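Coordinates as given in upload.cif (mmCIF, C-alpha atoms and all ligand atoms):
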data_run
#
loop_
_atom_site.group_PDB
_atom_site.id
_atom_site.type_symbol
_atom_site.label_atom_id
_atom_site.label_comp_id
_atom_site.auth_asym_id
_atom_site.auth_seq_id
_atom_site.Cartn_x
_atom_site.Cartn_y
_atom_site.Cartn_z
ATOM 1 C CA MET B 251 11.524 -25.481 -53.543
ATOM 2 C CA ASP B 252 9.641 -24.668 -56.713
ATOM 3 C CA THR B 253 9.964 -28.200 -57.959
ATOM 4 C CA PHE B 254 8.188 -29.630 -54.900
ATOM 5 C CA THR B 255 5.435 -27.031 -55.217
ATOM 6 C CA ASP B 256 4.951 -28.112 -58.820
ATOM 7 C CA LEU B 257 5.156 -31.758 -57.859
ATOM 8 C CA LEU B 258 2.384 -31.367 -55.286
ATOM 9 C CA ARG B 259 0.239 -29.431 -57.742
ATOM 10 C CA ASN B 260 0.691 -32.163 -60.334
ATOM 11 C CA TYR B 261 -0.924 -34.500 -57.824
ATOM 12 C CA ASN B 262 -3.665 -31.985 -57.001
ATOM 13 C CA LEU B 263 -2.341 -31.462 -53.503
ATOM 14 C CA LYS B 264 -1.952 -28.091 -51.867
ATOM 15 C CA ALA B 265 1.670 -27.112 -51.396
ATOM 16 C CA THR B 266 1.506 -26.508 -47.649
ATOM 17 C CA PRO B 267 4.711 -25.584 -45.787
ATOM 18 C CA GLN B 268 4.485 -28.893 -43.912
ATOM 19 C CA ARG B 269 4.258 -30.964 -47.088
ATOM 20 C CA LEU B 270 7.094 -29.021 -48.678
ATOM 21 C CA ALA B 271 9.252 -29.586 -45.610
ATOM 22 C CA ILE B 272 8.447 -33.302 -45.590
ATOM 23 C CA LEU B 273 9.353 -33.640 -49.269
ATOM 24 C CA GLN B 274 12.586 -31.716 -48.729
ATOM 25 C CA VAL B 275 13.645 -33.975 -45.885
ATOM 26 C CA ILE B 276 12.694 -37.167 -47.730
ATOM 27 C CA SER B 277 14.555 -36.107 -50.852
ATOM 28 C CA ARG B 278 17.622 -35.181 -48.785
ATOM 29 C CA TYR B 279 17.698 -38.611 -47.115
ATOM 30 C CA GLY B 280 16.459 -40.663 -50.040
ATOM 31 C CA HIS B 281 14.644 -42.985 -47.646
ATOM 32 C CA ILE B 282 13.563 -42.116 -44.132
ATOM 33 C CA ASN B 283 11.368 -43.689 -41.458
ATOM 34 C CA ILE B 284 8.611 -41.804 -39.708
ATOM 35 C CA ASP B 285 10.530 -41.235 -36.447
ATOM 36 C CA ASN B 286 13.525 -39.654 -38.110
ATOM 37 C CA LEU B 287 11.248 -37.651 -40.373
ATOM 38 C CA TYR B 288 9.305 -36.432 -37.354
ATOM 39 C CA ASN B 289 12.501 -35.290 -35.618
ATOM 40 C CA GLU B 290 13.651 -33.426 -38.712
ATOM 41 C CA ILE B 291 10.310 -31.714 -39.266
ATOM 42 C CA LYS B 292 10.021 -30.812 -35.586
ATOM 43 C CA SER B 293 13.149 -28.738 -35.846
ATOM 44 C CA GLN B 294 11.296 -26.545 -38.369
ATOM 45 C CA PHE B 295 7.750 -26.762 -37.021
ATOM 46 C CA SER B 296 8.175 -27.224 -33.288
ATOM 47 C CA SER B 297 4.456 -27.679 -32.618
ATOM 48 C CA ILE B 298 3.765 -30.260 -35.332
ATOM 49 C CA SER B 299 2.368 -33.575 -34.092
ATOM 50 C CA LEU B 300 3.216 -37.067 -35.227
ATOM 51 C CA ALA B 301 -0.433 -37.450 -36.285
ATOM 52 C CA THR B 302 -0.086 -34.479 -38.627
ATOM 53 C CA ILE B 303 3.034 -35.974 -40.151
ATOM 54 C CA TYR B 304 1.178 -39.252 -40.706
ATOM 55 C CA LYS B 305 -1.772 -37.425 -42.232
ATOM 56 C CA ASN B 306 0.476 -35.630 -44.694
ATOM 57 C CA ILE B 307 2.458 -38.763 -45.481
ATOM 58 C CA ASN B 308 -0.780 -40.675 -46.100
ATOM 59 C CA SER B 309 -2.209 -38.027 -48.411
ATOM 60 C CA MET B 310 0.970 -38.085 -50.482
ATOM 61 C CA THR B 311 1.211 -41.883 -50.428
ATOM 62 C CA GLU B 312 -2.415 -42.265 -51.545
ATOM 63 C CA VAL B 313 -1.770 -40.363 -54.753
ATOM 64 C CA HIS B 314 1.533 -42.226 -55.303
ATOM 65 C CA LEU B 315 3.739 -39.198 -54.855
ATOM 66 C CA LEU B 316 5.411 -41.001 -51.968
ATOM 67 C CA ALA B 317 5.950 -44.715 -51.625
ATOM 68 C CA GLU B 318 6.167 -46.713 -48.429
ATOM 69 C CA VAL B 319 8.954 -49.277 -48.511
ATOM 70 C CA LYS B 320 8.107 -52.065 -46.079
ATOM 71 C CA LEU B 321 11.199 -53.520 -44.474
ATOM 72 C CA PRO B 322 11.543 -56.804 -42.596
ATOM 73 C CA ASN B 323 11.958 -56.436 -38.799
ATOM 74 C CA THR B 324 12.058 -52.672 -38.830
ATOM 75 C CA LYS B 325 9.953 -49.607 -39.538
ATOM 76 C CA SER B 326 8.936 -48.732 -43.072
ATOM 77 C CA VAL B 327 10.787 -45.988 -44.862
ATOM 78 C CA TYR B 328 9.282 -43.487 -47.263
ATOM 79 C CA GLU B 329 10.668 -42.278 -50.547
ATOM 80 C CA ILE B 330 9.536 -40.079 -53.405
ATOM 81 C CA VAL B 331 8.090 -42.349 -56.079
ATOM 82 C CA LYS B 332 10.405 -43.191 -58.948
ATOM 83 C CA GLU B 333 10.682 -45.941 -61.529
ATOM 84 C CA GLY B 334 10.304 -49.478 -60.194
ATOM 85 C CA HIS B 335 13.457 -50.467 -58.352
ATOM 86 C CA ALA B 336 14.706 -52.724 -55.587
ATOM 87 C CA HIS B 337 16.460 -51.906 -52.303
ATOM 88 C CA LEU B 338 19.656 -52.906 -50.575
ATOM 89 C CA LYS B 339 19.428 -52.811 -46.794
ATOM 90 C CA CYS B 340 22.485 -52.828 -44.567
ATOM 91 C CA GLU B 341 21.973 -55.114 -41.556
ATOM 92 C CA LEU B 342 24.497 -53.139 -39.495
ATOM 93 C CA CYS B 343 23.803 -49.440 -40.029
ATOM 94 C CA GLY B 344 20.299 -49.815 -41.467
ATOM 95 C CA ASP B 345 21.170 -47.775 -44.539
ATOM 96 C CA ILE B 346 18.804 -48.201 -47.493
ATOM 97 C CA GLU B 347 20.185 -47.907 -50.980
ATOM 98 C CA ASP B 348 18.314 -47.963 -54.280
ATOM 99 C CA LEU B 349 19.116 -50.846 -56.576
ATOM 100 C CA THR B 350 18.309 -49.717 -60.063
ATOM 101 C CA ILE B 351 16.907 -52.752 -61.812
ATOM 102 C CA ASP B 352 13.762 -52.621 -63.876
ATOM 103 C CA THR B 353 11.497 -54.402 -61.427
ATOM 104 C CA ASN B 354 8.417 -53.483 -63.486
ATOM 105 C CA SER B 355 9.496 -55.590 -66.436
ATOM 106 C CA ILE B 356 10.727 -58.419 -64.196
ATOM 107 C CA PHE B 357 7.367 -58.513 -62.423
ATOM 108 C CA ALA B 358 5.509 -58.391 -65.739
ATOM 109 C CA ASP B 359 7.462 -61.481 -66.829
ATOM 110 C CA ILE B 360 6.751 -63.259 -63.543
ATOM 111 C CA SER B 361 3.055 -62.396 -63.806
ATOM 112 C CA LYS B 362 2.875 -63.901 -67.264
ATOM 113 C CA LEU B 363 4.991 -66.961 -66.491
ATOM 114 C CA HIS B 364 3.075 -67.885 -63.326
ATOM 115 C CA ASN B 365 -0.265 -66.398 -64.270
ATOM 116 C CA PHE B 366 0.000 -64.528 -60.988
ATOM 117 C CA LYS B 367 -1.378 -61.087 -60.293
ATOM 118 C CA ILE B 368 1.181 -59.232 -58.180
ATOM 119 C CA ASN B 369 -0.253 -56.750 -55.678
ATOM 120 C CA GLN B 370 2.768 -55.982 -53.604
ATOM 121 C CA SER B 371 6.345 -56.142 -54.666
ATOM 122 C CA ASP B 372 8.910 -54.804 -52.244
ATOM 123 C CA VAL B 373 12.251 -56.332 -53.149
ATOM 124 C CA ILE B 374 14.766 -55.926 -50.337
ATOM 125 C CA LEU B 375 18.205 -57.483 -50.388
ATOM 126 C CA SER B 376 19.753 -57.577 -46.912
ATOM 127 C CA GLY B 377 23.468 -57.515 -46.337
ATOM 128 C CA VAL B 378 26.390 -55.372 -45.269
ATOM 129 C CA CYS B 379 27.069 -52.077 -46.992
ATOM 130 C CA LYS B 380 30.386 -50.812 -48.302
ATOM 131 C CA SER B 381 31.202 -48.622 -45.307
ATOM 132 C CA CYS B 382 30.297 -51.345 -42.776
ATOM 133 C CA GLN B 383 32.383 -54.086 -44.412
HETATM 134 ZN ZN ZN Z 401 26.068 -50.236 -43.256
HETATM 135 ZN ZN ZN Z 402 14.132 -46.500 -53.122
#
Just give me the structure of the file as structure tokens.
Ligand SMILES: [Zn+2]
Ligand SMILES: [Zn+2]
Amino acid sequence: MDTFTDLLRNYNLKATPQRLAILQVISRYGHINIDNLYNEIKSQFSSISLATIYKNINSMTEVHLLAEVKLPNTKSVYEIVKEGHAHLKCELCGDIEDLTIDTNSIFADISKLHNFKINQSDVILSGVCKSCQ
């Protein structure tokens, strides 16, 4: 738990029990959408509202502690920010896996080559995961 307290403090956010619980759940899942997150958090804070979850998610996304990963045809998932990477999405079970490629340097090259300023860069490869094949 200490690490999440420190993490929040590094971003000048108060380490509230709700935020700590949200970070714990997100780190356990890797990537999670708001509905599943809400269900998990509700089991610890039975009176918490979806609006409160959103408020906390937004405050942590604003400071780039959390990142929203926008997915085609389905709800966004949230993850704790790490180095630029891409995602593999299973079309059958919906599982999201990190693909560790240095997207930052790839996008820097693309920017230069096309003289194009990239604002958004969610790279999602859709397919069928190992356990669904
Ligand atoms: Zn799958
Ligand atoms: Zn990820």
Could you give me, as a tab-separated table, every range 318-344 of chain B residue with an atom at most 6 Å from range 271-282 of chain B, plus its closest atom pair and distance in Å to one decimal, counting all atoms listed in the file, rows ordered by chain then number?
residue	atom	partner	partner_atom	distance
B:Val327	CA	B:Ile282	CA	4.8
B:Tyr328	CA	B:His281	CA	5.4
B:Glu329	CA	B:His281	CA	5.0
Would you work out the distance separating CA of Asn262 in chain B from CA of Glu312 in chain B, expressed in Å to one decimal?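 For CA of Asn262 in chain B relative to CA of Glu312 in chain B, the distance reads 11.7 Å.
Residues selected in this file by the PyMOL selection byres (((not hetatm)) within 9 of (chain Z and resi 402)) comprise B:Gly280, B:His281, B:Ala317, B:Val319, B:Val327, B:Tyr328, B:Glu329, B:Ile330, B:Val331, B:Lys332, B:Gly334, B:His335, B:Ala336, B:His337, B:Leu338, B:Ile346, B:Glu347, B:Asp348, B:Leu349, B:Thr350.
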Output check: residues returned by the PyMOL selection byres (((not hetatm)) within 8 of (chain Z and resi 401)), as an NGL selection string: :B and (339-345 or 378-383)
If you count only C-alpha atoms, which residues fall within 10 Å of Asp285 in chain B, apart from same-chain ones fewer than 6 positions away, as a PyMOL selection string? chain B and resi 291+300+303+325+327
Mind dumping the selected residues with C-alpha atoms as a PDB file, in the coordinates of the input?
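Writing done, so here's out.pdb:
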ATOM      1  CA  ILE B 291      10.310 -31.714 -39.266  1.00  0.00           C
ATOM      2  CA  LEU B 300       3.216 -37.067 -35.227  1.00  0.00           C
ATOM      3  CA  ILE B 303       3.034 -35.974 -40.151  1.00  0.00           C
ATOM      4  CA  LYS B 325       9.953 -49.607 -39.538  1.00  0.00           C
ATOM      5  CA  VAL B 327      10.787 -45.988 -44.862  1.00  0.00           C
TER       6      VAL B 327
END
Can you work out which one of B:Gln294, B:Gln268, B:Ser326, B:Asn260 has the shortest atom-to-atom distance to His314 in chain B, counting only C-alpha atoms?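 Closest candidate: B:Asn260.
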Selection result for the PyMOL selection byres (((chain B and resi 261) around 10) and not hetatm) on this file, as an mmCIF file with C-alpha atoms, keeping the file's coordinate frame:
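And here is the file that came out, out.cif:
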data_model
loop_
_atom_site.group_PDB
_atom_site.id
_atom_site.type_symbol
_atom_site.label_atom_id
_atom_site.label_comp_id
_atom_site.auth_asym_id
_atom_site.auth_seq_id
_atom_site.Cartn_x
_atom_site.Cartn_y
_atom_site.Cartn_z
ATOM 1 C CA ASP B 256 4.951 -28.112 -58.820
ATOM 2 C CA LEU B 257 5.156 -31.758 -57.859
ATOM 3 C CA LEU B 258 2.384 -31.367 -55.286
ATOM 4 C CA ARG B 259 0.239 -29.431 -57.742
ATOM 5 C CA ASN B 260 0.691 -32.163 -60.334
ATOM 6 C CA ASN B 262 -3.665 -31.985 -57.001
ATOM 7 C CA LEU B 263 -2.341 -31.462 -53.503
ATOM 8 C CA LYS B 264 -1.952 -28.091 -51.867
ATOM 9 C CA MET B 310 0.970 -38.085 -50.482
ATOM 10 C CA VAL B 313 -1.770 -40.363 -54.753
ATOM 11 C CA HIS B 314 1.533 -42.226 -55.303
ATOM 12 C CA LEU B 315 3.739 -39.198 -54.855
#
Record the distance separating CA of Leu270 in chain B and CA of Glu318 in chain B, expressed in Å with one decimal.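 According to the coordinates, CA of Leu270 in chain B and CA of Glu318 in chain B are separated by 17.7 Å.
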Could you work out how far CA of Thr255 in chain B lies from CA of Thr353 in chain B, giving the answer in Å with one decimal?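 Value for the CA of Thr353 in chain B-CA of Thr255 in chain B distance: 28.7 Å.
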Within 6 Å of (2.3, -58.2, -61.6) (file coordinates; only C-alpha atoms), which protein or nucleic acid residues are there? I'd like them as a PyMOL selection string. chain B and resi 357-358+361+367-368
Nearest to Leu321 in chain B among B:Thr266, B:Asn283, B:Ser309, B:His364, with distances taken over all atoms listed in the file: which residue is it?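 Counting all atoms listed in the file, the residue closest to Leu321 in chain B is B:Asn283.
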Could you check the closest approach to Ile284 in chain B for each of B:Ser371, B:Ser296, B:Thr324, B:Thr253 and tell me which residue wins, using all atoms listed in the file?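 Nearest to Ile284 in chain B: B:Thr324.
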